[in-house]
>>> print(open('coords26.txt').read())   # compact mmCIF, C-alpha atoms (C1' of nucleotides)
# COMPACT_ATOMS: atom_id res chain seq x y z
CA MET A 218 11.59 -204.17 -91.65
CA ALA A 219 12.45 -206.63 -88.92
CA ASP A 220 15.78 -207.57 -90.40
CA GLU A 221 17.30 -206.76 -87.04
CA ARG A 222 20.53 -208.63 -86.63
CA PRO A 223 21.43 -209.38 -83.03
CA LEU A 224 23.30 -206.68 -81.12
CA ARG A 225 26.87 -207.25 -80.22
CA ALA A 226 27.46 -208.37 -76.64
CA ASP A 227 29.04 -205.11 -75.49
CA ALA A 228 26.33 -203.11 -77.20
CA VAL A 229 23.68 -204.88 -75.16
CA ARG A 230 25.63 -204.25 -71.99
CA ASN A 231 26.06 -200.58 -72.81
CA ARG A 232 22.46 -200.02 -73.68
CA ALA A 233 21.47 -201.32 -70.26
CA LYS A 234 24.06 -199.16 -68.51
CA ILE A 235 22.85 -196.13 -70.42
CA LEU A 236 19.21 -196.64 -69.51
CA ASP A 237 20.09 -197.15 -65.86
CA ALA A 238 22.29 -194.10 -65.79
CA ALA A 239 19.69 -191.99 -67.57
CA ARG A 240 16.99 -192.90 -65.10
CA GLY A 241 19.33 -192.34 -62.18
CA GLN A 242 20.65 -189.01 -63.34
CA ILE A 243 17.27 -187.66 -64.38
CA THR A 244 15.80 -188.67 -61.04
CA ARG A 245 18.67 -187.16 -59.14
CA HIS A 246 19.32 -183.96 -60.99
CA GLY A 247 16.15 -183.27 -62.94
CA PRO A 248 15.27 -183.60 -66.58
CA GLU A 249 17.85 -181.13 -67.81
CA VAL A 250 20.90 -183.17 -66.92
CA SER A 251 23.35 -182.95 -69.74
CA MET A 252 23.97 -185.84 -72.04
CA ASP A 253 27.58 -185.65 -70.89
CA ALA A 254 26.50 -186.25 -67.30
CA ILE A 255 24.47 -189.28 -68.29
CA ALA A 256 27.32 -190.60 -70.37
CA GLU A 257 29.77 -190.24 -67.52
CA ALA A 258 27.39 -191.92 -65.09
CA ALA A 259 27.07 -194.78 -67.53
CA GLY A 260 30.84 -195.04 -67.91
CA VAL A 261 30.55 -194.44 -71.60
CA ALA A 262 31.35 -191.69 -74.08
CA VAL A 263 28.66 -189.29 -75.30
CA GLY A 264 28.82 -190.61 -78.79
CA THR A 265 27.66 -193.98 -77.55
CA LEU A 266 24.41 -192.49 -76.33
CA TYR A 267 23.77 -191.33 -79.86
CA ARG A 268 24.48 -194.75 -81.28
CA HIS A 269 21.63 -196.15 -79.23
CA TYR A 270 19.21 -193.23 -79.30
CA PRO A 271 18.88 -190.67 -82.07
CA ASP A 272 18.58 -187.76 -79.66
CA LYS A 273 17.92 -186.79 -76.08
CA THR A 274 14.17 -186.93 -76.50
CA ALA A 275 14.37 -190.55 -77.56
CA LEU A 276 16.48 -191.43 -74.55
CA VAL A 277 14.09 -189.78 -72.14
CA GLY A 278 11.26 -191.48 -73.95
CA ALA A 279 12.86 -194.86 -73.42
CA VAL A 280 13.18 -194.25 -69.69
CA LEU A 281 9.58 -193.17 -69.62
CA ALA A 282 8.41 -196.22 -71.51
CA GLU A 283 10.14 -198.42 -68.98
CA ASN A 284 8.28 -196.72 -66.15
CA MET A 285 5.00 -197.04 -67.95
CA GLY A 286 5.60 -200.73 -68.40
CA GLN A 287 6.13 -201.18 -64.70
CA LEU A 288 2.95 -199.26 -64.04
CA ALA A 289 1.04 -201.45 -66.44
CA ALA A 290 2.34 -204.53 -64.65
CA PHE A 291 1.13 -203.18 -61.30
CA THR A 292 -2.32 -202.54 -62.67
CA GLU A 293 -2.62 -205.90 -64.33
CA GLU A 294 -1.62 -207.70 -61.16
CA ALA A 295 -4.30 -205.90 -59.18
CA ASP A 296 -6.81 -206.68 -61.87
CA ALA A 297 -5.87 -210.35 -61.78
CA ARG A 298 -6.37 -210.49 -58.02
CA VAL A 299 -9.82 -209.00 -58.38
CA ALA A 300 -10.68 -211.54 -61.04
CA ALA A 301 -9.61 -214.15 -58.50
CA GLY A 302 -12.02 -212.78 -55.95
CA ALA A 303 -10.20 -209.96 -54.14
CA ASP A 304 -12.09 -206.83 -53.08
CA ALA A 305 -12.05 -204.39 -55.97
CA MET A 306 -12.18 -201.18 -53.96
CA ALA A 307 -9.34 -202.31 -51.72
CA GLU A 308 -7.23 -203.24 -54.73
CA LEU A 309 -7.99 -199.89 -56.33
CA ARG A 310 -6.93 -198.07 -53.23
CA GLY A 311 -3.75 -200.13 -53.01
CA LEU A 312 -3.01 -199.54 -56.65
CA ILE A 313 -3.32 -195.81 -56.23
CA TYR A 314 -0.90 -195.95 -53.37
CA ALA A 315 1.60 -198.06 -55.28
CA VAL A 316 1.41 -195.84 -58.30
CA ILE A 317 1.84 -192.78 -56.16
CA GLU A 318 4.95 -194.14 -54.56
CA GLN A 319 6.49 -195.13 -57.84
CA ALA A 320 5.60 -191.76 -59.29
CA ALA A 321 7.17 -190.01 -56.33
CA ARG A 322 10.37 -191.94 -56.77
CA ASP A 323 10.55 -190.95 -60.41
CA ALA A 324 9.09 -187.50 -59.94
CA ALA A 325 11.78 -185.91 -62.02
CA VAL A 326 11.24 -188.42 -64.77
CA LYS A 327 7.64 -187.39 -64.94
CA ALA A 328 8.62 -183.77 -65.11
CA ALA A 329 10.84 -184.68 -67.99
CA ALA A 330 7.88 -186.14 -69.80
CA GLN A 331 6.16 -182.78 -69.84
CA ARG A 332 9.18 -180.72 -70.81
CA PHE A 333 9.53 -182.85 -73.91
CA GLY A 334 6.06 -182.14 -75.28
CA ALA A 335 6.92 -184.93 -77.67
CA ASP A 336 3.79 -187.00 -77.63
CA PHE A 337 4.72 -189.99 -75.63
CA ALA A 338 1.00 -190.65 -75.66
CA GLY A 339 0.04 -194.03 -77.03
CA MET A 340 3.15 -195.59 -75.56
CA ALA A 341 3.17 -199.37 -75.40
CA GLY A 342 2.46 -199.83 -71.70
CA GLU A 343 -0.16 -197.12 -71.63
CA GLN A 344 -2.67 -199.23 -73.51
CA ARG A 345 -2.23 -202.15 -71.16
CA ALA A 346 -2.40 -200.04 -68.03
CA GLU A 347 -5.57 -198.30 -69.14
CA ALA A 348 -7.34 -201.52 -70.05
CA ALA A 349 -6.59 -203.10 -66.69
CA LEU A 350 -7.56 -199.95 -64.81
CA ARG A 351 -10.85 -199.81 -66.68
CA ARG A 352 -11.70 -203.33 -65.59
CA LEU A 353 -10.74 -202.53 -62.02
CA ILE A 354 -13.01 -199.49 -61.97
CA GLU A 355 -15.96 -201.47 -63.28
CA ALA A 356 -15.47 -204.11 -60.63
CA ALA A 357 -15.31 -201.52 -57.86
CA LYS A 358 -18.48 -199.89 -59.12
CA ALA A 359 -20.21 -203.24 -59.20
CA GLY A 360 -19.14 -203.68 -55.60
CA GLY A 361 -21.11 -200.54 -54.82
CA GLU A 362 -18.31 -198.64 -53.09
CA LEU A 363 -16.92 -196.64 -55.98
CA HIS A 364 -19.14 -193.75 -57.01
CA PRO A 365 -20.82 -194.65 -60.31
CA ASP A 366 -19.96 -191.38 -62.05
CA VAL A 367 -16.23 -191.83 -61.61
CA THR A 368 -14.39 -192.33 -64.88
CA ILE A 369 -10.95 -193.47 -65.84
CA ASP A 370 -10.16 -189.88 -66.74
CA ASP A 371 -10.85 -188.90 -63.16
CA PHE A 372 -8.21 -191.34 -62.03
CA ILE A 373 -5.73 -190.16 -64.59
CA MET A 374 -6.34 -186.57 -63.60
CA LEU A 375 -5.91 -187.28 -59.91
CA LEU A 376 -2.84 -189.42 -60.39
CA ALA A 377 -1.34 -186.67 -62.49
CA THR A 378 -1.71 -184.22 -59.63
CA VAL A 379 -0.30 -186.18 -56.72
CA PRO A 380 2.02 -184.02 -54.61
CA LEU A 381 5.34 -185.53 -55.58
CA ASP A 382 7.64 -183.34 -53.58
CA GLY A 383 7.09 -183.55 -49.84
CA PRO A 384 7.47 -186.63 -47.62
CA PRO A 385 5.38 -189.81 -47.85
CA GLN A 386 3.05 -188.52 -45.15
CA ALA A 387 2.00 -185.76 -47.47
CA ARG A 388 0.86 -188.33 -50.00
CA ALA A 389 -0.92 -190.37 -47.36
CA ARG A 390 -2.75 -187.24 -46.27
CA TRP A 391 -3.55 -186.42 -49.86
CA LEU A 392 -5.06 -189.86 -50.27
CA THR A 393 -7.20 -189.32 -47.19
CA LEU A 394 -8.53 -186.07 -48.57
CA VAL A 395 -9.17 -187.34 -52.06
CA MET A 396 -10.71 -190.75 -51.44
CA PRO A 397 -14.08 -189.55 -50.13
CA GLY A 398 -14.85 -187.86 -53.43
CA LEU A 399 -14.47 -191.21 -55.17
CA THR A 400 -16.66 -193.28 -52.88
CA THR A 401 -20.41 -193.50 -52.53
CA ALA A 402 -19.91 -193.01 -48.80
CA GLY A 403 -18.21 -189.64 -49.18
CA ARG A 404 -20.31 -188.36 -52.04
CA PRO A 405 -23.81 -189.82 -51.94
CA ARG A 406 -25.64 -190.15 -55.24
CA HIS A 407 -27.84 -187.03 -55.27
CA MET B 188 19.20 -147.44 -46.93
CA ALA B 189 16.01 -145.85 -48.26
CA ASP B 190 17.79 -142.98 -49.96
CA GLU B 191 15.90 -143.88 -53.10
CA ARG B 192 15.68 -140.91 -55.35
CA PRO B 193 12.61 -140.91 -57.62
CA LEU B 194 12.89 -142.79 -60.90
CA ARG B 195 12.94 -140.85 -64.10
CA ALA B 196 9.60 -140.75 -65.91
CA ASP B 197 10.64 -142.99 -68.78
CA ALA B 198 12.22 -145.43 -66.36
CA VAL B 199 8.92 -145.86 -64.57
CA ARG B 200 7.16 -146.39 -67.86
CA ASN B 201 9.68 -148.98 -68.98
CA ARG B 202 9.60 -150.89 -65.76
CA ALA B 203 5.86 -151.33 -66.15
CA LYS B 204 6.19 -152.38 -69.77
CA ILE B 205 8.84 -154.90 -68.81
CA LEU B 206 6.78 -156.49 -66.05
CA ASP B 207 3.77 -156.75 -68.34
CA ALA B 208 5.79 -158.23 -71.14
CA ALA B 209 7.49 -160.68 -68.79
CA ARG B 210 4.23 -161.98 -67.45
CA GLY B 211 2.75 -162.20 -70.91
CA GLN B 212 5.69 -163.97 -72.48
CA ILE B 213 6.18 -166.37 -69.61
CA THR B 214 2.51 -167.24 -69.63
CA ARG B 215 2.47 -167.70 -73.36
CA HIS B 216 5.72 -169.47 -74.02
CA GLY B 217 6.72 -170.98 -70.70
CA PRO B 218 9.34 -170.01 -68.13
CA GLU B 219 12.28 -170.46 -70.45
CA VAL B 220 11.49 -167.60 -72.78
CA SER B 221 14.65 -165.77 -73.58
CA MET B 222 15.38 -162.39 -72.13
CA ASP B 223 15.58 -161.18 -75.71
CA ALA B 224 12.00 -162.28 -76.32
CA ILE B 225 10.78 -160.44 -73.24
CA ALA B 226 12.72 -157.36 -74.24
CA GLU B 227 11.25 -157.36 -77.71
CA ALA B 228 7.73 -157.83 -76.37
CA ALA B 229 8.31 -154.88 -74.08
CA GLY B 230 9.60 -152.77 -76.94
CA VAL B 231 12.88 -152.29 -75.18
CA ALA B 232 16.48 -153.43 -75.52
CA VAL B 233 17.82 -156.31 -73.46
CA GLY B 234 20.15 -154.10 -71.55
CA THR B 235 17.19 -152.24 -70.14
CA LEU B 236 15.93 -155.39 -68.48
CA TYR B 237 19.21 -155.59 -66.64
CA ARG B 238 19.00 -151.98 -65.52
CA HIS B 239 15.79 -152.81 -63.68
CA TYR B 240 16.51 -156.36 -62.55
CA PRO B 241 19.94 -157.78 -61.75
CA ASP B 242 19.22 -161.05 -63.52
CA LYS B 243 16.50 -163.26 -64.93
CA THR B 244 15.70 -164.79 -61.59
CA ALA B 245 14.91 -161.39 -60.15
CA LEU B 246 12.62 -160.57 -63.05
CA VAL B 247 10.70 -163.80 -62.70
CA GLY B 248 10.55 -163.20 -58.98
CA ALA B 249 8.99 -159.80 -59.53
CA VAL B 250 6.28 -161.27 -61.73
CA LEU B 251 5.66 -163.91 -59.12
CA ALA B 252 5.41 -161.39 -56.32
CA GLU B 253 2.80 -159.51 -58.29
CA ASN B 254 0.71 -162.66 -58.61
CA MET B 255 1.07 -163.43 -54.96
CA GLY B 256 -0.14 -159.95 -54.11
CA GLN B 257 -3.26 -160.45 -56.19
CA LEU B 258 -3.84 -163.76 -54.45
CA ALA B 259 -3.48 -162.12 -51.06
CA ALA B 260 -6.02 -159.51 -52.07
CA PHE B 261 -8.51 -162.20 -53.07
CA THR B 262 -8.13 -163.95 -49.77
CA GLU B 263 -8.45 -160.81 -47.70
CA GLU B 264 -11.61 -159.81 -49.51
CA ALA B 265 -13.22 -163.15 -48.78
CA ASP B 266 -12.12 -162.90 -45.18
CA ALA B 267 -13.64 -159.44 -44.90
CA ARG B 268 -16.96 -160.67 -46.25
CA VAL B 269 -17.00 -163.44 -43.67
CA ALA B 270 -16.27 -160.95 -40.92
CA ALA B 271 -19.27 -159.05 -42.22
CA GLY B 272 -21.48 -162.10 -41.84
CA ALA B 273 -21.09 -164.09 -45.07
CA ASP B 274 -21.06 -167.90 -44.96
CA ALA B 275 -17.50 -169.04 -44.33
CA MET B 276 -17.67 -172.35 -46.17
CA ALA B 277 -19.19 -170.76 -49.23
CA GLU B 278 -16.51 -168.09 -49.26
CA LEU B 279 -13.83 -170.74 -48.90
CA ARG B 280 -15.22 -172.68 -51.79
CA GLY B 281 -15.41 -169.53 -53.89
CA LEU B 282 -11.88 -168.58 -52.97
CA ILE B 283 -10.56 -171.94 -54.03
CA TYR B 284 -12.27 -171.54 -57.34
CA ALA B 285 -10.93 -168.03 -57.87
CA VAL B 286 -7.43 -169.07 -56.94
CA ILE B 287 -7.64 -172.04 -59.24
CA GLU B 288 -8.65 -169.90 -62.16
CA GLN B 289 -5.93 -167.38 -61.57
CA ALA B 290 -3.41 -170.16 -61.16
CA ALA B 291 -4.56 -171.75 -64.40
CA ARG B 292 -4.14 -168.48 -66.26
CA ASP B 293 -0.62 -168.12 -64.96
CA ALA B 294 0.21 -171.80 -64.99
CA ALA B 295 3.47 -171.17 -66.73
CA VAL B 296 4.41 -168.53 -64.20
CA LYS B 297 3.94 -171.04 -61.46
CA ALA B 298 6.11 -173.51 -63.28
CA ALA B 299 8.73 -170.81 -63.47
CA ALA B 300 8.65 -170.51 -59.71
CA GLN B 301 9.77 -174.08 -59.31
CA ARG B 302 12.45 -174.05 -61.96
CA PHE B 303 14.10 -171.17 -60.17
CA GLY B 304 14.54 -172.97 -56.87
CA ALA B 305 15.46 -169.54 -55.62
CA ASP B 306 13.54 -169.34 -52.43
CA PHE B 307 10.72 -167.04 -53.20
CA ALA B 308 9.32 -168.27 -49.92
CA GLY B 309 8.53 -165.55 -47.45
CA MET B 310 7.51 -163.23 -50.22
CA ALA B 311 5.60 -160.15 -49.18
CA GLY B 312 2.09 -161.20 -50.21
CA GLU B 313 2.51 -164.70 -48.90
CA GLN B 314 2.31 -163.62 -45.29
CA ARG B 315 -0.89 -161.68 -45.88
CA ALA B 316 -2.52 -164.46 -47.88
CA GLU B 317 -1.74 -167.06 -45.26
CA ALA B 318 -3.04 -164.97 -42.41
CA ALA B 319 -6.34 -164.31 -44.13
CA LEU B 320 -6.70 -167.93 -45.19
CA ARG B 321 -6.09 -169.05 -41.64
CA ARG B 322 -8.91 -166.87 -40.37
CA LEU B 323 -11.18 -168.14 -43.11
CA ILE B 324 -10.48 -171.74 -42.16
CA GLU B 325 -11.23 -171.13 -38.51
CA ALA B 326 -14.52 -169.48 -39.36
CA ALA B 327 -15.54 -172.39 -41.60
CA LYS B 328 -14.69 -174.89 -38.88
CA ALA B 329 -16.73 -172.89 -36.38
CA GLY B 330 -19.61 -173.08 -38.85
CA GLY B 331 -19.36 -176.86 -38.57
CA GLU B 332 -19.05 -177.61 -42.25
CA LEU B 333 -15.29 -177.75 -42.64
CA HIS B 334 -13.75 -180.89 -41.18
CA PRO B 335 -11.95 -179.98 -37.94
CA ASP B 336 -8.70 -181.75 -38.82
CA VAL B 337 -8.16 -179.73 -41.98
CA THR B 338 -5.12 -177.47 -41.80
CA ILE B 339 -3.82 -174.60 -43.85
CA ASP B 340 -1.14 -176.94 -45.14
CA ASP B 341 -3.86 -179.16 -46.57
CA PHE B 342 -5.13 -176.22 -48.56
CA ILE B 343 -1.69 -175.25 -49.74
CA MET B 344 -1.01 -178.81 -50.79
CA LEU B 345 -4.27 -179.14 -52.68
CA LEU B 346 -3.96 -175.76 -54.36
CA ALA B 347 -0.46 -176.68 -55.41
CA THR B 348 -1.77 -179.75 -57.21
CA VAL B 349 -4.68 -178.34 -59.16
CA PRO B 350 -4.72 -179.67 -62.74
CA LEU B 351 -3.61 -176.55 -64.57
CA ASP B 352 -3.53 -177.90 -68.09
CA GLY B 353 -6.88 -179.10 -69.36
CA PRO B 354 -10.06 -177.05 -69.79
CA PRO B 355 -12.00 -175.31 -67.01
CA GLN B 356 -14.34 -178.30 -66.75
CA ALA B 357 -11.43 -180.38 -65.59
CA ARG B 358 -10.90 -178.02 -62.68
CA ALA B 359 -14.61 -177.98 -61.85
CA ARG B 360 -14.59 -181.75 -61.81
CA TRP B 361 -11.46 -181.75 -59.66
CA LEU B 362 -13.20 -179.49 -57.19
CA THR B 363 -16.16 -181.87 -57.06
CA LEU B 364 -13.87 -184.78 -56.27
CA VAL B 365 -11.77 -182.97 -53.70
CA MET B 366 -14.38 -181.06 -51.70
CA PRO B 367 -15.93 -184.05 -49.90
CA GLY B 368 -12.64 -184.81 -48.19
CA LEU B 369 -12.68 -181.34 -46.68
CA THR B 370 -16.20 -181.35 -45.31
CA THR B 371 -17.73 -183.04 -42.33
CA ALA B 372 -20.41 -184.32 -44.65
CA GLY B 373 -18.01 -186.19 -46.90
CA ARG B 374 -15.67 -187.41 -44.20
CA PRO B 375 -17.53 -187.87 -40.90
CA ARG B 376 -15.51 -187.47 -37.71
CA HIS B 377 -14.74 -191.10 -36.85
C1' DT C 276 18.77 -123.73 -73.05
C1' DA C 277 22.92 -125.80 -70.99
C1' DT C 278 24.49 -129.32 -68.27
C1' DC C 279 24.81 -133.76 -66.44
C1' DA C 280 23.27 -137.68 -64.07
C1' DT C 281 20.24 -141.16 -65.27
C1' DC C 282 18.78 -144.27 -68.51
C1' DA C 283 18.62 -147.03 -72.97
C1' DT C 284 20.93 -149.35 -76.66
C1' DG C 285 22.50 -153.66 -78.81
C1' DA C 286 26.58 -155.81 -80.55
C1' DA C 287 29.71 -158.77 -78.46
C1' DC C 288 31.14 -162.01 -74.93
C1' DC C 289 30.95 -166.32 -72.77
C1' DA C 290 29.14 -170.59 -70.78
C1' DT C 291 26.26 -174.37 -71.46
C1' DG C 292 24.81 -178.28 -73.77
C1' DG C 293 23.08 -180.99 -77.76
C1' DT C 294 24.99 -183.17 -81.76
C1' DT C 295 28.38 -184.87 -85.27
C1' DC C 296 32.13 -187.49 -87.35
C1' DA C 297 36.83 -189.00 -88.38
C1' DT C 298 39.34 -192.27 -85.97
C1' DC C 299 40.31 -196.11 -83.16
C1' DT C 300 38.72 -200.51 -80.71
C1' DT C 301 36.47 -204.75 -80.16
C1' DC C 302 33.42 -208.51 -81.07
C1' DA C 303 32.13 -212.17 -84.16
C1' DT C 304 32.92 -215.25 -87.83
C1' DG C 305 36.00 -218.19 -90.93
C1' DC D 48 44.59 -215.59 -85.68
C1' DA D 49 42.91 -212.61 -89.56
C1' DT D 50 39.60 -209.81 -91.19
C1' DG D 51 35.66 -206.92 -91.62
C1' DA D 52 31.74 -205.02 -89.72
C1' DA D 53 29.72 -203.13 -85.65
C1' DG D 54 30.57 -200.38 -81.97
C1' DA D 55 32.95 -196.79 -79.06
C1' DT D 56 35.54 -192.64 -78.54
C1' DG D 57 35.75 -187.63 -77.51
C1' DA D 58 37.38 -183.41 -79.44
C1' DA D 59 35.17 -180.11 -82.10
C1' DC D 60 31.11 -177.82 -83.97
C1' DC D 61 27.23 -174.97 -83.48
C1' DA D 62 23.03 -172.91 -81.58
C1' DT D 63 20.97 -170.92 -77.75
C1' DG D 64 20.62 -167.72 -74.28
C1' DG D 65 22.12 -165.08 -70.18
C1' DT D 66 25.00 -161.16 -69.24
C1' DT D 67 28.10 -157.04 -69.92
C1' DC D 68 29.70 -152.52 -71.27
C1' DA D 69 31.22 -148.76 -74.26
C1' DT D 70 28.45 -145.57 -76.51
C1' DG D 71 24.59 -142.63 -77.42
C1' DA D 72 20.01 -140.55 -75.98
C1' DT D 73 16.95 -138.19 -72.73
C1' DG D 74 14.64 -136.31 -68.71
C1' DA D 75 15.42 -133.25 -64.86
C1' DT D 76 17.43 -129.19 -62.90
C1' DA D 77 19.31 -124.41 -62.73
>>> encode(input="coords26.txt", output="structure tokens")
Amino acid sequence: MADERPLRADAVRNRAKILDAARGQITRHGPEVSMDAIAEAAGVAVGTLYRHYPDKTALVGAVLAENMGQLAAFTEEADARVAAGADAMAELRGLIYAVIEQAARDAAVKAAAQRFGADFAGMAGEQRAEAALRRLIEAAKAGGELHPDVTIDDFIMLLATVPLDGPPQARARWLTLVMPGLTTAGRPRH
Amino acid sequence: MADERPLRADAVRNRAKILDAARGQITRHGPEVSMDAIAEAAGVAVGTLYRHYPDKTALVGAVLAENMGQLAAFTEEADARVAAGADAMAELRGLIYAVIEQAARDAAVKAAAQRFGADFAGMAGEQRAEAALRRLIEAAKAGGELHPDVTIDDFIMLLATVPLDGPPQARARWLTLVMPGLTTAGRPRH
DNA sequence: TATCATCATGAACCATGGTTCATCTTCATG
DNA sequence: CATGAAGATGAACCATGGTTCATGATGATA
């Protein structure tokens, strides 16, 4: 393994075009866009998709992995700021908002994730994102604002249920309604 | 219109079997079960499905309408109890829980609703459910426990985002996290 | 029970969409 | 530039699944 010889120049170019097109088309028309549609959007023939990805699941998975990477980057940045002295609860709140907005943009991509039950769990970025989020949560608890019984699974659950349709106001409102349950202010210990 | 002559006995029987089978199959195997699968589960030939429903969308819609009716019944019962003196906030909480559980059972049915963008909005039961819920909300606000800025749209939004996968504990936990944002206790006015 | 309108049957039809592969093109290396 | 390997092409293949319709069965009515 690892005897990967470098890709040809046009192959590199095409792979990028394909990923872009896939994300675009899936976002625009939902997860069941045809491979033909993606190919056309990428300015490439269908067969080329199959040269780069064994099947549709793999292609969707690649798009998903990209998103997860971005999400991990977000989380790590917030974590770094906290380490540098920023307020943990504020960063957590901001992170939630950022994640929500990204998720909303790629709502359809997320839907695609589910339709392809294929376990995308344990994806590269996921590990990183979770680690950083865990640190962030601990810091916010230490600050005394985040309710001590809140777990990372709570965050994952909530983030998985953000209302992705609707306008941005809907998500802002959702945040308003959900935050109190996470804070010591909204849900006093005993 | 309304010159409906009575259905033949076996037709009535079959229609019931079809609806049951449709709900069962959709719940079990997701919204994209084939018409053939539904037909087989109903012990009937495919053609019979099409005698009772013009197409798949209509069949799914019928299942959905049935669910909505049940939901409306729930809501009206709770509303009636409040009118008879029961605590509004407690009834509201109980209603949310009941709705959640029903929704979880028919998670796949709900998913079906979205996939068929077909506007099932304005369905029969929906009107009834909303009216009753509205009354319930007013009563709970009058009781002073429900936060005064909470609207029926807030409820609809939240109920639309309940975590339907996971075990019942997940939904209980979700309820714990979400309730404070709805109450005056968790989110003081100013 | 005879008659017929209603209903049920299910093989066949057709559209959609994922996937393959024989053929042609293009990059990289000498 | 010549050559071979890597890459791209896209028509064709095939499975799936919604839908139809000619044919046969059955409940209701006289």
>>> closest_atom_pairs(input="coords26.txt", of="chain B", to="chain D", cutoff="9 Å", atoms="only C-alpha atoms (C1' of nucleotides)", output="JSON lines")
{"residue": "B:Arg195", "atom": "CA", "partner": "D:DG74", "partner_atom": "C1'", "distance": 6.7}
{"residue": "B:Ala196", "atom": "CA", "partner": "D:DG74", "partner_atom": "C1'", "distance": 7.3}
{"residue": "B:Asp197", "atom": "CA", "partner": "D:DG74", "partner_atom": "C1'", "distance": 7.8}
{"residue": "B:Ser221", "atom": "CA", "partner": "D:DG64", "partner_atom": "C1'", "distance": 6.3}
{"residue": "B:Met222", "atom": "CA", "partner": "D:DG65", "partner_atom": "C1'", "distance": 7.5}
{"residue": "B:Asp223", "atom": "CA", "partner": "D:DG64", "partner_atom": "C1'", "distance": 8.4}
{"residue": "B:Gly234", "atom": "CA", "partner": "D:DT67", "partner_atom": "C1'", "distance": 8.6}
{"residue": "B:Tyr237", "atom": "CA", "partner": "D:DT66", "partner_atom": "C1'", "distance": 8.4}
{"residue": "B:Asp242", "atom": "CA", "partner": "D:DT66", "partner_atom": "C1'", "distance": 8.1}
{"residue": "B:Lys243", "atom": "CA", "partner": "D:DG65", "partner_atom": "C1'", "distance": 7.9}
>>> write_last_selection(input="coords26.txt", atoms="C-alpha atoms", output="JSON list (two decimals), in the coordinates of the input")
[["chain", "number", "residue", "atom", "x", "y", "z"],
["B", 195, "ARG", "CA", 12.94, -140.85, -64.10],
["B", 196, "ALA", "CA", 9.60, -140.75, -65.91],
["B", 197, "ASP", "CA", 10.64, -142.99, -68.78],
["B", 221, "SER", "CA", 14.65, -165.77, -73.58],
["B", 222, "MET", "CA", 15.38, -162.39, -72.13],
["B", 223, "ASP", "CA", 15.58, -161.18, -75.71],
["B", 234, "GLY", "CA", 20.15, -154.10, -71.55],
["B", 237, "TYR", "CA", 19.21, -155.59, -66.64],
["B", 242, "ASP", "CA", 19.22, -161.05, -63.52],
["B", 243, "LYS", "CA", 16.50, -163.26, -64.93]]
>>> atom_distance(input="coords26.txt", atom1="atom CA of B:Ala277", atom2="atom CA of A:Val367")
24.6 Å
>>> closest_residue(input="coords26.txt", among="A:Gly302, A:Pro385, A:Pro405, A:Pro271", to="chain B", atoms="only C-alpha atoms")
A:Pro405
>>> residues_near_point(input="coords26.txt", point="(2.0, -165.0, -55.0)", cutoff="9 Å", atoms="all atoms listed in the file", output="PyMOL selection string")
chain B and resi 250-259+310-313+316
>>> atom_distance(input="coords26.txt", atom1="atom CA of A:Arg352", atom2="atom CA of A:Asp296")
7.0 Å
>>> interface_residues(input="coords26.txt", of="chain C", to="chain B", cutoff="9 Å", atoms="only C-alpha atoms (C1' of nucleotides)", output="ChimeraX atom specification")
/C:281-285
>>> interface_residues(input="coords26.txt", of="chain B", to="chain A", cutoff="8 Å", atoms="all atoms listed in the file", output="number ranges by chain")
B: 341, 344-345, 347-350, 361, 363-369, 372-374
>>> atom_distance(input="coords26.txt", atom1="atom CA of A:Gly278", atom2="atom CA of A:Pro248")
11.5 Å
